[in-house]
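Q: Dumping the structure here so I can ask a few things about it.
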2 protein chains.
Amino acid sequence: MKPTLITNQIRSLRFTAGEMTQADLADRIGVTRQTVIAIEQGRYSPSLEIAFRIAHVFGVGLDDVFQYPSSLPEEPA
Amino acid sequence: MKPTLITNQIRSLRFTAGEMTQADLADRIGVTRQTVIAIEQGRYSPSLEIAFRIAHVFGVGLDDVFQYPSSLPEEPA
DNA sequence: ACACCGAGTCAAAGTTTCTTTACATGATCC
DNA sequence: GGATCATGTAAAGAAACTTTGACTCGGTGT
């Protein structure tokens, strides 16, 4: 798997959003617990669709959940 | 293939951003022309990583490029 | 001690996304 | 008419993402 460069605030958001467990979140966005764990730990970046569902659950924008390292070569050769 | 629910403004952005061709865009974000065509036509939603690169090329936020249908059941049973 | 819950790991199978190659169309230019 | 460019289609294969199931660990409660 490609190590992802994208970081996320899912863990923080889960706690600030009322002690939501990983299983809870997984359920709400319609994926498995494994997927939440992997994404939360940055093992890989989710599909855009799942990214949107996550942001939707927390009621924030995509950019509030995920961050792309600002200045990066378009495609590291 | 899963028909994607996410819409995007790539085509408009390409034109407002100075007559950029699909091949140009593909090159800048480091994917093939086919990928740009498929995403632009909504045949599938890109990975978060590619979504970020696209937004980055146009110098806008993710939400300016992609839109998720606002009120949708979290997971259509 | 035993059972439960939240979190994490691993591996295999399944689905979606991306690449590569090849060909088709309409527009434009020579 | 022939050449070129932008866009589009299709199919096979590779890579990435997601699921399933089994297992471990620390903390809490009975």
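A note on labels: chains of the structure tokens are A, B, ... as shown, every chain counts residues from 1, and ligands are counted from 1 in their shown order.
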Onto chain A, please fit chain B by least squares using all C-alpha atoms in order, then return the transformed chain as a PDB file with N, CA, C and O atoms, in the first residue's frame.
A:
ATOM      1  N   MET B   1       1.490  -1.219   0.073  1.00  0.00           N
ATOM      2  CA  MET B   1       0.557  -0.079   0.115  1.00  0.00           C
ATOM      3  C   MET B   1       1.302   1.244   0.066  1.00  0.00           C
ATOM      4  O   MET B   1       2.390   1.380   0.611  1.00  0.00           O
ATOM      5  N   LYS B   2       0.688   2.211  -0.565  1.00  0.00           N
ATOM      6  CA  LYS B   2       1.311   3.525  -0.617  1.00  0.00           C
ATOM      7  C   LYS B   2       1.050   4.260   0.690  1.00  0.00           C
ATOM      8  O   LYS B   2      -0.103   4.478   1.056  1.00  0.00           O
ATOM      9  N   PRO B   3       2.115   4.621   1.396  1.00  0.00           N
ATOM     10  CA  PRO B   3       1.934   5.397   2.622  1.00  0.00           C
ATOM     11  C   PRO B   3       1.340   6.745   2.253  1.00  0.00           C
ATOM     12  O   PRO B   3       1.864   7.423   1.384  1.00  0.00           O
ATOM     13  N   THR B   4       0.247   7.102   2.879  1.00  0.00           N
ATOM     14  CA  THR B   4      -0.440   8.326   2.490  1.00  0.00           C
ATOM     15  C   THR B   4       0.226   9.563   3.066  1.00  0.00           C
ATOM     16  O   THR B   4       0.810   9.534   4.145  1.00  0.00           O
ATOM     17  N   LEU B   5       0.165  10.653   2.306  1.00  0.00           N
ATOM     18  CA  LEU B   5       0.772  11.910   2.736  1.00  0.00           C
ATOM     19  C   LEU B   5      -0.252  12.775   3.432  1.00  0.00           C
ATOM     20  O   LEU B   5       0.085  13.763   4.065  1.00  0.00           O
ATOM     21  N   ILE B   6      -1.498  12.380   3.301  1.00  0.00           N
ATOM     22  CA  ILE B   6      -2.583  13.184   3.843  1.00  0.00           C
ATOM     23  C   ILE B   6      -2.782  12.903   5.326  1.00  0.00           C
ATOM     24  O   ILE B   6      -2.810  11.756   5.750  1.00  0.00           O
ATOM     25  N   THR B   7      -2.884  13.982   6.092  1.00  0.00           N
ATOM     26  CA  THR B   7      -3.140  13.814   7.526  1.00  0.00           C
ATOM     27  C   THR B   7      -4.604  14.115   7.804  1.00  0.00           C
ATOM     28  O   THR B   7      -5.288  14.693   6.966  1.00  0.00           O
ATOM     29  N   ASN B   8      -5.080  13.699   8.977  1.00  0.00           N
ATOM     30  CA  ASN B   8      -6.488  13.961   9.291  1.00  0.00           C
ATOM     31  C   ASN B   8      -6.685  14.193  10.776  1.00  0.00           C
ATOM     32  O   ASN B   8      -5.822  13.889  11.586  1.00  0.00           O
ATOM     33  N   GLN B   9      -7.843  14.734  11.108  1.00  0.00           N
ATOM     34  CA  GLN B   9      -8.166  15.093  12.490  1.00  0.00           C
ATOM     35  C   GLN B   9      -9.279  14.216  13.033  1.00  0.00           C
ATOM     36  O   GLN B   9      -9.968  14.615  13.982  1.00  0.00           O
ATOM     37  N   ILE B  10      -9.424  13.065  12.461  1.00  0.00           N
ATOM     38  CA  ILE B  10     -10.561  12.235  12.844  1.00  0.00           C
ATOM     39  C   ILE B  10     -10.568  11.913  14.335  1.00  0.00           C
ATOM     40  O   ILE B  10     -11.591  12.033  14.999  1.00  0.00           O
ATOM     41  N   ARG B  11      -9.413  11.520  14.839  1.00  0.00           N
ATOM     42  CA  ARG B  11      -9.358  11.142  16.255  1.00  0.00           C
ATOM     43  C   ARG B  11      -9.818  12.297  17.155  1.00  0.00           C
ATOM     44  O   ARG B  11     -10.658  12.110  18.037  1.00  0.00           O
ATOM     45  N   SER B  12      -9.276  13.486  16.901  1.00  0.00           N
ATOM     46  CA  SER B  12      -9.689  14.651  17.684  1.00  0.00           C
ATOM     47  C   SER B  12     -11.179  14.892  17.527  1.00  0.00           C
ATOM     48  O   SER B  12     -11.893  15.084  18.517  1.00  0.00           O
ATOM     49  N   LEU B  13     -11.634  14.872  16.299  1.00  0.00           N
ATOM     50  CA  LEU B  13     -13.046  15.145  16.027  1.00  0.00           C
ATOM     51  C   LEU B  13     -13.944  14.151  16.752  1.00  0.00           C
ATOM     52  O   LEU B  13     -15.000  14.522  17.267  1.00  0.00           O
ATOM     53  N   ARG B  14     -13.507  12.901  16.801  1.00  0.00           N
ATOM     54  CA  ARG B  14     -14.318  11.903  17.493  1.00  0.00           C
ATOM     55  C   ARG B  14     -14.516  12.264  18.941  1.00  0.00           C
ATOM     56  O   ARG B  14     -15.620  12.154  19.488  1.00  0.00           O
ATOM     57  N   PHE B  15     -13.442  12.719  19.582  1.00  0.00           N
ATOM     58  CA  PHE B  15     -13.530  13.028  21.005  1.00  0.00           C
ATOM     59  C   PHE B  15     -14.272  14.324  21.273  1.00  0.00           C
ATOM     60  O   PHE B  15     -15.123  14.378  22.158  1.00  0.00           O
ATOM     61  N   THR B  16     -13.975  15.361  20.474  1.00  0.00           N
ATOM     62  CA  THR B  16     -14.683  16.622  20.674  1.00  0.00           C
ATOM     63  C   THR B  16     -16.161  16.455  20.330  1.00  0.00           C
ATOM     64  O   THR B  16     -17.009  17.146  20.855  1.00  0.00           O
ATOM     65  N   ALA B  17     -16.458  15.514  19.457  1.00  0.00           N
ATOM     66  CA  ALA B  17     -17.852  15.289  19.086  1.00  0.00           C
ATOM     67  C   ALA B  17     -18.506  14.283  20.017  1.00  0.00           C
ATOM     68  O   ALA B  17     -19.219  13.382  19.572  1.00  0.00           O
ATOM     69  N   GLY B  18     -18.201  14.401  21.281  1.00  0.00           N
ATOM     70  CA  GLY B  18     -18.930  13.610  22.266  1.00  0.00           C
ATOM     71  C   GLY B  18     -18.541  12.159  22.378  1.00  0.00           C
ATOM     72  O   GLY B  18     -19.382  11.263  22.306  1.00  0.00           O
ATOM     73  N   GLU B  19     -17.258  11.907  22.558  1.00  0.00           N
ATOM     74  CA  GLU B  19     -16.806  10.553  22.900  1.00  0.00           C
ATOM     75  C   GLU B  19     -17.320   9.479  21.950  1.00  0.00           C
ATOM     76  O   GLU B  19     -17.724   8.404  22.371  1.00  0.00           O
ATOM     77  N   MET B  20     -17.277   9.792  20.695  1.00  0.00           N
ATOM     78  CA  MET B  20     -17.726   8.808  19.728  1.00  0.00           C
ATOM     79  C   MET B  20     -16.653   7.722  19.551  1.00  0.00           C
ATOM     80  O   MET B  20     -15.488   8.025  19.374  1.00  0.00           O
ATOM     81  N   THR B  21     -17.068   6.496  19.610  1.00  0.00           N
ATOM     82  CA  THR B  21     -16.080   5.413  19.445  1.00  0.00           C
ATOM     83  C   THR B  21     -15.829   5.144  17.961  1.00  0.00           C
ATOM     84  O   THR B  21     -16.592   5.572  17.104  1.00  0.00           O
ATOM     85  N   GLN B  22     -14.786   4.402  17.679  1.00  0.00           N
ATOM     86  CA  GLN B  22     -14.471   4.084  16.285  1.00  0.00           C
ATOM     87  C   GLN B  22     -15.614   3.280  15.664  1.00  0.00           C
ATOM     88  O   GLN B  22     -15.970   3.482  14.504  1.00  0.00           O
ATOM     89  N   ALA B  23     -16.154   2.385  16.474  1.00  0.00           N
ATOM     90  CA  ALA B  23     -17.257   1.552  15.981  1.00  0.00           C
ATOM     91  C   ALA B  23     -18.474   2.414  15.648  1.00  0.00           C
ATOM     92  O   ALA B  23     -19.150   2.198  14.639  1.00  0.00           O
ATOM     93  N   ASP B  24     -18.732   3.407  16.519  1.00  0.00           N
ATOM     94  CA  ASP B  24     -19.830   4.337  16.277  1.00  0.00           C
ATOM     95  C   ASP B  24     -19.659   5.043  14.937  1.00  0.00           C
ATOM     96  O   ASP B  24     -20.563   5.049  14.098  1.00  0.00           O
ATOM     97  N   LEU B  25     -18.482   5.629  14.792  1.00  0.00           N
ATOM     98  CA  LEU B  25     -18.188   6.382  13.584  1.00  0.00           C
ATOM     99  C   LEU B  25     -18.322   5.491  12.346  1.00  0.00           C
ATOM    100  O   LEU B  25     -18.960   5.847  11.354  1.00  0.00           O
ATOM    101  N   ALA B  26     -17.721   4.322  12.446  1.00  0.00           N
ATOM    102  CA  ALA B  26     -17.773   3.369  11.329  1.00  0.00           C
ATOM    103  C   ALA B  26     -19.221   3.133  10.925  1.00  0.00           C
ATOM    104  O   ALA B  26     -19.573   3.144   9.749  1.00  0.00           O
ATOM    105  N   ASP B  27     -20.036   2.950  11.928  1.00  0.00           N
ATOM    106  CA  ASP B  27     -21.449   2.696  11.698  1.00  0.00           C
ATOM    107  C   ASP B  27     -22.128   3.875  11.012  1.00  0.00           C
ATOM    108  O   ASP B  27     -22.875   3.699  10.053  1.00  0.00           O
ATOM    109  N   ARG B  28     -21.836   5.053  11.498  1.00  0.00           N
ATOM    110  CA  ARG B  28     -22.492   6.253  10.963  1.00  0.00           C
ATOM    111  C   ARG B  28     -22.107   6.542   9.522  1.00  0.00           C
ATOM    112  O   ARG B  28     -22.898   7.111   8.766  1.00  0.00           O
ATOM    113  N   ILE B  29     -20.863   6.248   9.179  1.00  0.00           N
ATOM    114  CA  ILE B  29     -20.467   6.550   7.804  1.00  0.00           C
ATOM    115  C   ILE B  29     -20.617   5.334   6.905  1.00  0.00           C
ATOM    116  O   ILE B  29     -20.370   5.399   5.703  1.00  0.00           O
ATOM    117  N   GLY B  30     -21.032   4.226   7.491  1.00  0.00           N
ATOM    118  CA  GLY B  30     -21.326   3.062   6.674  1.00  0.00           C
ATOM    119  C   GLY B  30     -20.123   2.281   6.207  1.00  0.00           C
ATOM    120  O   GLY B  30     -20.116   1.734   5.114  1.00  0.00           O
ATOM    121  N   VAL B  31     -19.088   2.227   7.018  1.00  0.00           N
ATOM    122  CA  VAL B  31     -17.939   1.384   6.709  1.00  0.00           C
ATOM    123  C   VAL B  31     -17.638   0.513   7.925  1.00  0.00           C
ATOM    124  O   VAL B  31     -18.313   0.618   8.945  1.00  0.00           O
ATOM    125  N   THR B  32     -16.641  -0.313   7.804  1.00  0.00           N
ATOM    126  CA  THR B  32     -16.305  -1.175   8.928  1.00  0.00           C
ATOM    127  C   THR B  32     -15.339  -0.467   9.881  1.00  0.00           C
ATOM    128  O   THR B  32     -14.732   0.546   9.539  1.00  0.00           O
ATOM    129  N   ARG B  33     -15.220  -1.063  11.056  1.00  0.00           N
ATOM    130  CA  ARG B  33     -14.331  -0.499  12.071  1.00  0.00           C
ATOM    131  C   ARG B  33     -12.891  -0.474  11.563  1.00  0.00           C
ATOM    132  O   ARG B  33     -12.140   0.461  11.820  1.00  0.00           O
ATOM    133  N   GLN B  34     -12.506  -1.514  10.857  1.00  0.00           N
ATOM    134  CA  GLN B  34     -11.140  -1.608  10.336  1.00  0.00           C
ATOM    135  C   GLN B  34     -10.817  -0.423   9.439  1.00  0.00           C
ATOM    136  O   GLN B  34      -9.724   0.130   9.472  1.00  0.00           O
ATOM    137  N   THR B  35     -11.781  -0.047   8.628  1.00  0.00           N
ATOM    138  CA  THR B  35     -11.572   1.062   7.708  1.00  0.00           C
ATOM    139  C   THR B  35     -11.322   2.347   8.478  1.00  0.00           C
ATOM    140  O   THR B  35     -10.407   3.106   8.160  1.00  0.00           O
ATOM    141  N   VAL B  36     -12.114   2.568   9.520  1.00  0.00           N
ATOM    142  CA  VAL B  36     -11.931   3.767  10.337  1.00  0.00           C
ATOM    143  C   VAL B  36     -10.538   3.768  10.959  1.00  0.00           C
ATOM    144  O   VAL B  36      -9.817   4.768  10.919  1.00  0.00           O
ATOM    145  N   ILE B  37     -10.149   2.629  11.518  1.00  0.00           N
ATOM    146  CA  ILE B  37      -8.830   2.531  12.150  1.00  0.00           C
ATOM    147  C   ILE B  37      -7.729   2.855  11.141  1.00  0.00           C
ATOM    148  O   ILE B  37      -6.833   3.656  11.417  1.00  0.00           O
ATOM    149  N   ALA B  38      -7.801   2.231   9.969  1.00  0.00           N
ATOM    150  CA  ALA B  38      -6.765   2.419   8.959  1.00  0.00           C
ATOM    151  C   ALA B  38      -6.677   3.873   8.496  1.00  0.00           C
ATOM    152  O   ALA B  38      -5.589   4.421   8.349  1.00  0.00           O
ATOM    153  N   ILE B  39      -7.823   4.489   8.308  1.00  0.00           N
ATOM    154  CA  ILE B  39      -7.835   5.879   7.855  1.00  0.00           C
ATOM    155  C   ILE B  39      -7.325   6.783   8.972  1.00  0.00           C
ATOM    156  O   ILE B  39      -6.485   7.648   8.752  1.00  0.00           O
ATOM    157  N   GLU B  40      -7.833   6.547  10.183  1.00  0.00           N
ATOM    158  CA  GLU B  40      -7.442   7.373  11.321  1.00  0.00           C
ATOM    159  C   GLU B  40      -5.933   7.322  11.530  1.00  0.00           C
ATOM    160  O   GLU B  40      -5.311   8.307  11.903  1.00  0.00           O
ATOM    161  N   GLN B  41      -5.354   6.167  11.271  1.00  0.00           N
ATOM    162  CA  GLN B  41      -3.917   6.020  11.462  1.00  0.00           C
ATOM    163  C   GLN B  41      -3.113   6.434  10.238  1.00  0.00           C
ATOM    164  O   GLN B  41      -1.885   6.348  10.253  1.00  0.00           O
ATOM    165  N   GLY B  42      -3.818   6.835   9.201  1.00  0.00           N
ATOM    166  CA  GLY B  42      -3.112   7.299   8.009  1.00  0.00           C
ATOM    167  C   GLY B  42      -2.458   6.192   7.203  1.00  0.00           C
ATOM    168  O   GLY B  42      -1.496   6.425   6.490  1.00  0.00           O
ATOM    169  N   ARG B  43      -2.975   4.982   7.354  1.00  0.00           N
ATOM    170  CA  ARG B  43      -2.396   3.890   6.564  1.00  0.00           C
ATOM    171  C   ARG B  43      -2.734   4.052   5.095  1.00  0.00           C
ATOM    172  O   ARG B  43      -1.978   3.658   4.232  1.00  0.00           O
ATOM    173  N   TYR B  44      -3.866   4.630   4.827  1.00  0.00           N
ATOM    174  CA  TYR B  44      -4.192   5.021   3.465  1.00  0.00           C
ATOM    175  C   TYR B  44      -5.246   6.107   3.498  1.00  0.00           C
ATOM    176  O   TYR B  44      -5.909   6.302   4.516  1.00  0.00           O
ATOM    177  N   SER B  45      -5.374   6.826   2.402  1.00  0.00           N
ATOM    178  CA  SER B  45      -6.376   7.882   2.351  1.00  0.00           C
ATOM    179  C   SER B  45      -7.652   7.297   1.774  1.00  0.00           C
ATOM    180  O   SER B  45      -7.615   6.466   0.871  1.00  0.00           O
ATOM    181  N   PRO B  46      -8.765   7.714   2.318  1.00  0.00           N
ATOM    182  CA  PRO B  46     -10.052   7.144   1.906  1.00  0.00           C
ATOM    183  C   PRO B  46     -10.455   7.631   0.532  1.00  0.00           C
ATOM    184  O   PRO B  46      -9.817   8.523  -0.022  1.00  0.00           O
ATOM    185  N   SER B  47     -11.496   7.057   0.002  1.00  0.00           N
ATOM    186  CA  SER B  47     -12.053   7.560  -1.245  1.00  0.00           C
ATOM    187  C   SER B  47     -12.723   8.896  -0.941  1.00  0.00           C
ATOM    188  O   SER B  47     -13.040   9.196   0.201  1.00  0.00           O
ATOM    189  N   LEU B  48     -12.916   9.676  -1.979  1.00  0.00           N
ATOM    190  CA  LEU B  48     -13.524  10.986  -1.799  1.00  0.00           C
ATOM    191  C   LEU B  48     -14.915  10.843  -1.194  1.00  0.00           C
ATOM    192  O   LEU B  48     -15.336  11.629  -0.355  1.00  0.00           O
ATOM    193  N   GLU B  49     -15.589   9.804  -1.595  1.00  0.00           N
ATOM    194  CA  GLU B  49     -16.944   9.575  -1.111  1.00  0.00           C
ATOM    195  C   GLU B  49     -16.954   9.364   0.413  1.00  0.00           C
ATOM    196  O   GLU B  49     -17.742   9.973   1.135  1.00  0.00           O
ATOM    197  N   ILE B  50     -16.069   8.534   0.877  1.00  0.00           N
ATOM    198  CA  ILE B  50     -16.005   8.280   2.320  1.00  0.00           C
ATOM    199  C   ILE B  50     -15.506   9.504   3.053  1.00  0.00           C
ATOM    200  O   ILE B  50     -15.986   9.821   4.156  1.00  0.00           O
ATOM    201  N   ALA B  51     -14.584  10.220   2.456  1.00  0.00           N
ATOM    202  CA  ALA B  51     -14.085  11.451   3.063  1.00  0.00           C
ATOM    203  C   ALA B  51     -15.247  12.418   3.288  1.00  0.00           C
ATOM    204  O   ALA B  51     -15.375  13.015   4.358  1.00  0.00           O
ATOM    205  N   PHE B  52     -16.099  12.527   2.282  1.00  0.00           N
ATOM    206  CA  PHE B  52     -17.257  13.413   2.384  1.00  0.00           C
ATOM    207  C   PHE B  52     -18.199  12.958   3.492  1.00  0.00           C
ATOM    208  O   PHE B  52     -18.726  13.777   4.254  1.00  0.00           O
ATOM    209  N   ARG B  53     -18.396  11.664   3.587  1.00  0.00           N
ATOM    210  CA  ARG B  53     -19.309  11.162   4.626  1.00  0.00           C
ATOM    211  C   ARG B  53     -18.771  11.449   6.013  1.00  0.00           C
ATOM    212  O   ARG B  53     -19.530  11.764   6.940  1.00  0.00           O
ATOM    213  N   ILE B  54     -17.470  11.327   6.164  1.00  0.00           N
ATOM    214  CA  ILE B  54     -16.861  11.601   7.466  1.00  0.00           C
ATOM    215  C   ILE B  54     -17.067  13.063   7.847  1.00  0.00           C
ATOM    216  O   ILE B  54     -17.518  13.379   8.955  1.00  0.00           O
ATOM    217  N   ALA B  55     -16.735  13.962   6.913  1.00  0.00           N
ATOM    218  CA  ALA B  55     -16.897  15.382   7.178  1.00  0.00           C
ATOM    219  C   ALA B  55     -18.353  15.694   7.506  1.00  0.00           C
ATOM    220  O   ALA B  55     -18.655  16.493   8.397  1.00  0.00           O
ATOM    221  N   HIS B  56     -19.231  15.012   6.794  1.00  0.00           N
ATOM    222  CA  HIS B  56     -20.664  15.221   6.962  1.00  0.00           C
ATOM    223  C   HIS B  56     -21.115  14.843   8.373  1.00  0.00           C
ATOM    224  O   HIS B  56     -21.909  15.550   8.997  1.00  0.00           O
ATOM    225  N   VAL B  57     -20.604  13.723   8.871  1.00  0.00           N
ATOM    226  CA  VAL B  57     -20.978  13.262  10.210  1.00  0.00           C
ATOM    227  C   VAL B  57     -20.575  14.284  11.270  1.00  0.00           C
ATOM    228  O   VAL B  57     -21.323  14.555  12.209  1.00  0.00           O
ATOM    229  N   PHE B  58     -19.393  14.865  11.097  1.00  0.00           N
ATOM    230  CA  PHE B  58     -18.922  15.831  12.085  1.00  0.00           C
ATOM    231  C   PHE B  58     -19.455  17.230  11.798  1.00  0.00           C
ATOM    232  O   PHE B  58     -19.222  18.158  12.574  1.00  0.00           O
ATOM    233  N   GLY B  59     -20.116  17.383  10.684  1.00  0.00           N
ATOM    234  CA  GLY B  59     -20.687  18.681  10.344  1.00  0.00           C
ATOM    235  C   GLY B  59     -19.650  19.734  10.022  1.00  0.00           C
ATOM    236  O   GLY B  59     -19.831  20.916  10.288  1.00  0.00           O
ATOM    237  N   VAL B  60     -18.541  19.311   9.438  1.00  0.00           N
ATOM    238  CA  VAL B  60     -17.498  20.269   9.072  1.00  0.00           C
ATOM    239  C   VAL B  60     -17.128  20.096   7.597  1.00  0.00           C
ATOM    240  O   VAL B  60     -17.647  19.203   6.928  1.00  0.00           O
ATOM    241  N   GLY B  61     -16.254  20.952   7.108  1.00  0.00           N
ATOM    242  CA  GLY B  61     -15.823  20.850   5.718  1.00  0.00           C
ATOM    243  C   GLY B  61     -14.718  19.827   5.543  1.00  0.00           C
ATOM    244  O   GLY B  61     -14.075  19.411   6.508  1.00  0.00           O
ATOM    245  N   LEU B  62     -14.517  19.442   4.316  1.00  0.00           N
ATOM    246  CA  LEU B  62     -13.470  18.464   4.020  1.00  0.00           C
ATOM    247  C   LEU B  62     -12.117  18.921   4.537  1.00  0.00           C
ATOM    248  O   LEU B  62     -11.348  18.122   5.087  1.00  0.00           O
ATOM    249  N   ASP B  63     -11.843  20.197   4.353  1.00  0.00           N
ATOM    250  CA  ASP B  63     -10.533  20.719   4.722  1.00  0.00           C
ATOM    251  C   ASP B  63     -10.328  20.764   6.229  1.00  0.00           C
ATOM    252  O   ASP B  63      -9.214  20.938   6.704  1.00  0.00           O
ATOM    253  N   ASP B  64     -11.416  20.633   6.971  1.00  0.00           N
ATOM    254  CA  ASP B  64     -11.282  20.600   8.428  1.00  0.00           C
ATOM    255  C   ASP B  64     -10.896  19.208   8.906  1.00  0.00           C
ATOM    256  O   ASP B  64     -10.396  19.029  10.009  1.00  0.00           O
ATOM    257  N   VAL B  65     -11.153  18.225   8.068  1.00  0.00           N
ATOM    258  CA  VAL B  65     -10.856  16.843   8.448  1.00  0.00           C
ATOM    259  C   VAL B  65      -9.522  16.379   7.870  1.00  0.00           C
ATOM    260  O   VAL B  65      -8.716  15.767   8.575  1.00  0.00           O
ATOM    261  N   PHE B  66      -9.300  16.714   6.610  1.00  0.00           N
ATOM    262  CA  PHE B  66      -8.086  16.229   5.939  1.00  0.00           C
ATOM    263  C   PHE B  66      -7.182  17.374   5.495  1.00  0.00           C
ATOM    264  O   PHE B  66      -7.666  18.399   5.032  1.00  0.00           O
ATOM    265  N   GLN B  67      -5.872  17.145   5.636  1.00  0.00           N
ATOM    266  CA  GLN B  67      -4.914  18.157   5.215  1.00  0.00           C
ATOM    267  C   GLN B  67      -3.896  17.540   4.256  1.00  0.00           C
ATOM    268  O   GLN B  67      -3.315  16.497   4.547  1.00  0.00           O
ATOM    269  N   TYR B  68      -3.678  18.245   3.164  1.00  0.00           N
ATOM    270  CA  TYR B  68      -2.679  17.824   2.203  1.00  0.00           C
ATOM    271  C   TYR B  68      -1.441  18.675   2.429  1.00  0.00           C
ATOM    272  O   TYR B  68      -1.541  19.897   2.487  1.00  0.00           O
ATOM    273  N   PRO B  69      -0.287  18.071   2.584  1.00  0.00           N
ATOM    274  CA  PRO B  69       0.954  18.837   2.794  1.00  0.00           C
ATOM    275  C   PRO B  69       1.073  19.930   1.749  1.00  0.00           C
ATOM    276  O   PRO B  69       1.218  19.659   0.563  1.00  0.00           O
ATOM    277  N   SER B  70       1.023  21.185   2.216  1.00  0.00           N
ATOM    278  CA  SER B  70       0.798  22.339   1.348  1.00  0.00           C
ATOM    279  C   SER B  70       1.635  22.398   0.073  1.00  0.00           C
ATOM    280  O   SER B  70       1.100  22.343  -1.023  1.00  0.00           O
ATOM    281  N   SER B  71       2.930  22.537   0.199  1.00  0.00           N
ATOM    282  CA  SER B  71       3.720  22.697  -1.023  1.00  0.00           C
ATOM    283  C   SER B  71       4.492  21.416  -1.315  1.00  0.00           C
ATOM    284  O   SER B  71       5.457  21.083  -0.653  1.00  0.00           O
ATOM    285  N   LEU B  72       3.997  20.765  -2.325  1.00  0.00           N
ATOM    286  CA  LEU B  72       4.538  19.463  -2.661  1.00  0.00           C
ATOM    287  C   LEU B  72       4.672  19.427  -4.177  1.00  0.00           C
ATOM    288  O   LEU B  72       3.808  19.904  -4.879  1.00  0.00           O
ATOM    289  N   PRO B  73       5.732  18.881  -4.681  1.00  0.00           N
ATOM    290  CA  PRO B  73       5.816  18.709  -6.128  1.00  0.00           C
ATOM    291  C   PRO B  73       4.600  17.951  -6.606  1.00  0.00           C
ATOM    292  O   PRO B  73       4.170  16.996  -5.966  1.00  0.00           O
ATOM    293  N   GLU B  74       4.055  18.377  -7.695  1.00  0.00           N
ATOM    294  CA  GLU B  74       2.803  17.786  -8.177  1.00  0.00           C
ATOM    295  C   GLU B  74       2.869  16.277  -8.238  1.00  0.00           C
ATOM    296  O   GLU B  74       1.955  15.579  -7.929  1.00  0.00           O
ATOM    297  N   GLU B  75       4.002  15.798  -8.702  1.00  0.00           N
ATOM    298  CA  GLU B  75       4.185  14.356  -8.758  1.00  0.00           C
ATOM    299  C   GLU B  75       5.658  14.051  -8.549  1.00  0.00           C
ATOM    300  O   GLU B  75       6.451  14.116  -9.489  1.00  0.00           O
ATOM    301  N   PRO B  76       5.999  13.729  -7.321  1.00  0.00           N
ATOM    302  CA  PRO B  76       7.390  13.394  -6.995  1.00  0.00           C
ATOM    303  C   PRO B  76       7.917  12.347  -7.957  1.00  0.00           C
ATOM    304  O   PRO B  76       7.483  11.212  -7.962  1.00  0.00           O
ATOM    305  N   ALA B  77       8.828  12.745  -8.813  1.00  0.00           N
ATOM    306  CA  ALA B  77       9.403  11.791  -9.752  1.00  0.00           C
ATOM    307  C   ALA B  77      10.286  10.830  -8.979  1.00  0.00           C
ATOM    308  O   ALA B  77      10.432   9.704  -9.341  1.00  0.00           O
TER     309      ALA B  77
END
Q: Excluding DA27 (chain C) and any residue of its chain fewer than 2 positions from it, enumerate the residues within 10 Å of it, using only C-alpha atoms (C1' of nucleotides), and give them as a PyMOL selection string.
A: (chain C and resi 25+29) or (chain D and resi 5-6)
Q: Could you work out which residues of chain C fall inside 8 Å of chain B? Count only C-alpha atoms (C1' of nucleotides), and format the result as a short mmCIF file (atom, residue, chain, number, x, y, z; two decimals) with N, CA and C atoms (P, O5', C5', C4', C3', O3' and C1' of nucleotides), in the first residue's frame.
A:
data_model
loop_
_atom_site.label_atom_id
_atom_site.label_comp_id
_atom_site.auth_asym_id
_atom_site.auth_seq_id
_atom_site.Cartn_x
_atom_site.Cartn_y
_atom_site.Cartn_z
P DT C 16 -17.85 -1.80 -6.55
"O5'" DT C 16 -16.64 -0.75 -6.59
"C5'" DT C 16 -16.30 -0.07 -5.39
"C4'" DT C 16 -15.06 0.76 -5.61
"C3'" DT C 16 -15.14 1.73 -6.81
"O3'" DT C 16 -14.74 3.00 -6.34
"C1'" DT C 16 -13.17 0.43 -6.91
P DT C 17 -14.73 4.29 -7.37
"O5'" DT C 17 -13.17 4.36 -7.72
"C5'" DT C 17 -12.25 4.65 -6.68
"C4'" DT C 17 -10.82 4.56 -7.20
"C3'" DT C 17 -10.48 5.55 -8.33
"O3'" DT C 17 -9.24 6.12 -7.99
"C1'" DT C 17 -9.86 3.37 -8.95
P DC C 18 -8.71 7.42 -8.87
"O5'" DC C 18 -7.63 6.73 -9.82
"C5'" DC C 18 -6.43 6.22 -9.24
"C4'" DC C 18 -5.62 5.48 -10.29
"C3'" DC C 18 -5.31 6.30 -11.56
"O3'" DC C 18 -3.90 6.47 -11.63
"C1'" DC C 18 -6.02 4.08 -12.06
P DT C 19 -3.25 7.12 -13.01
"O5'" DT C 19 -2.94 5.82 -13.88
"C5'" DT C 19 -2.11 4.82 -13.33
"C4'" DT C 19 -1.75 3.78 -14.40
"C3'" DT C 19 -1.22 4.37 -15.72
"O3'" DT C 19 -0.02 3.68 -16.03
"C1'" DT C 19 -3.03 2.87 -16.11
#
Q: Sort by chain and increasing residue number a table of all residues of chain D within 9 Å of chain B, each with its closest pair of atoms and their distance in Å to one decimal, counting only C-alpha atoms (C1' of nucleotides), and write it as CSV.
A:
residue,atom,partner,partner_atom,distance
D:DA6,C1',B:Thr21,CA,7.3
D:DT7,C1',B:Gln22,CA,8.4
D:DG8,C1',B:Ile37,CA,8.3
D:DA16,C1',B:Ser47,CA,8.9
D:DC17,C1',B:Ser47,CA,9.0
Q: One number please: C1' of DT19 (chain D) to C1' of DT20 (chain C), in Å, one decimal.
A: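 That distance, rounded to one decimal, is 28.6 Å.
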Q: DSSP on the backbone, then: every residue of chain A marked helix (DSSP H, G or I), written as a ChimeraX atom specification.
A: /A:10-16,22-29,33-40,48-58,62-65
Q: Mind giving me the straight-line distance from C1' of DT9 (chain D) to C1' of DT21 (chain C) in Å, one decimal?
A: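 For C1' of DT9 (chain D) relative to C1' of DT21 (chain C), the distance reads 12.6 Å.
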Q: Just give me the gap between C1' of DA22 (chain D) and C1' of DA11 (chain C) in Å, one decimal is fine.
A: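 Interatomic distance here is 9.7 Å.
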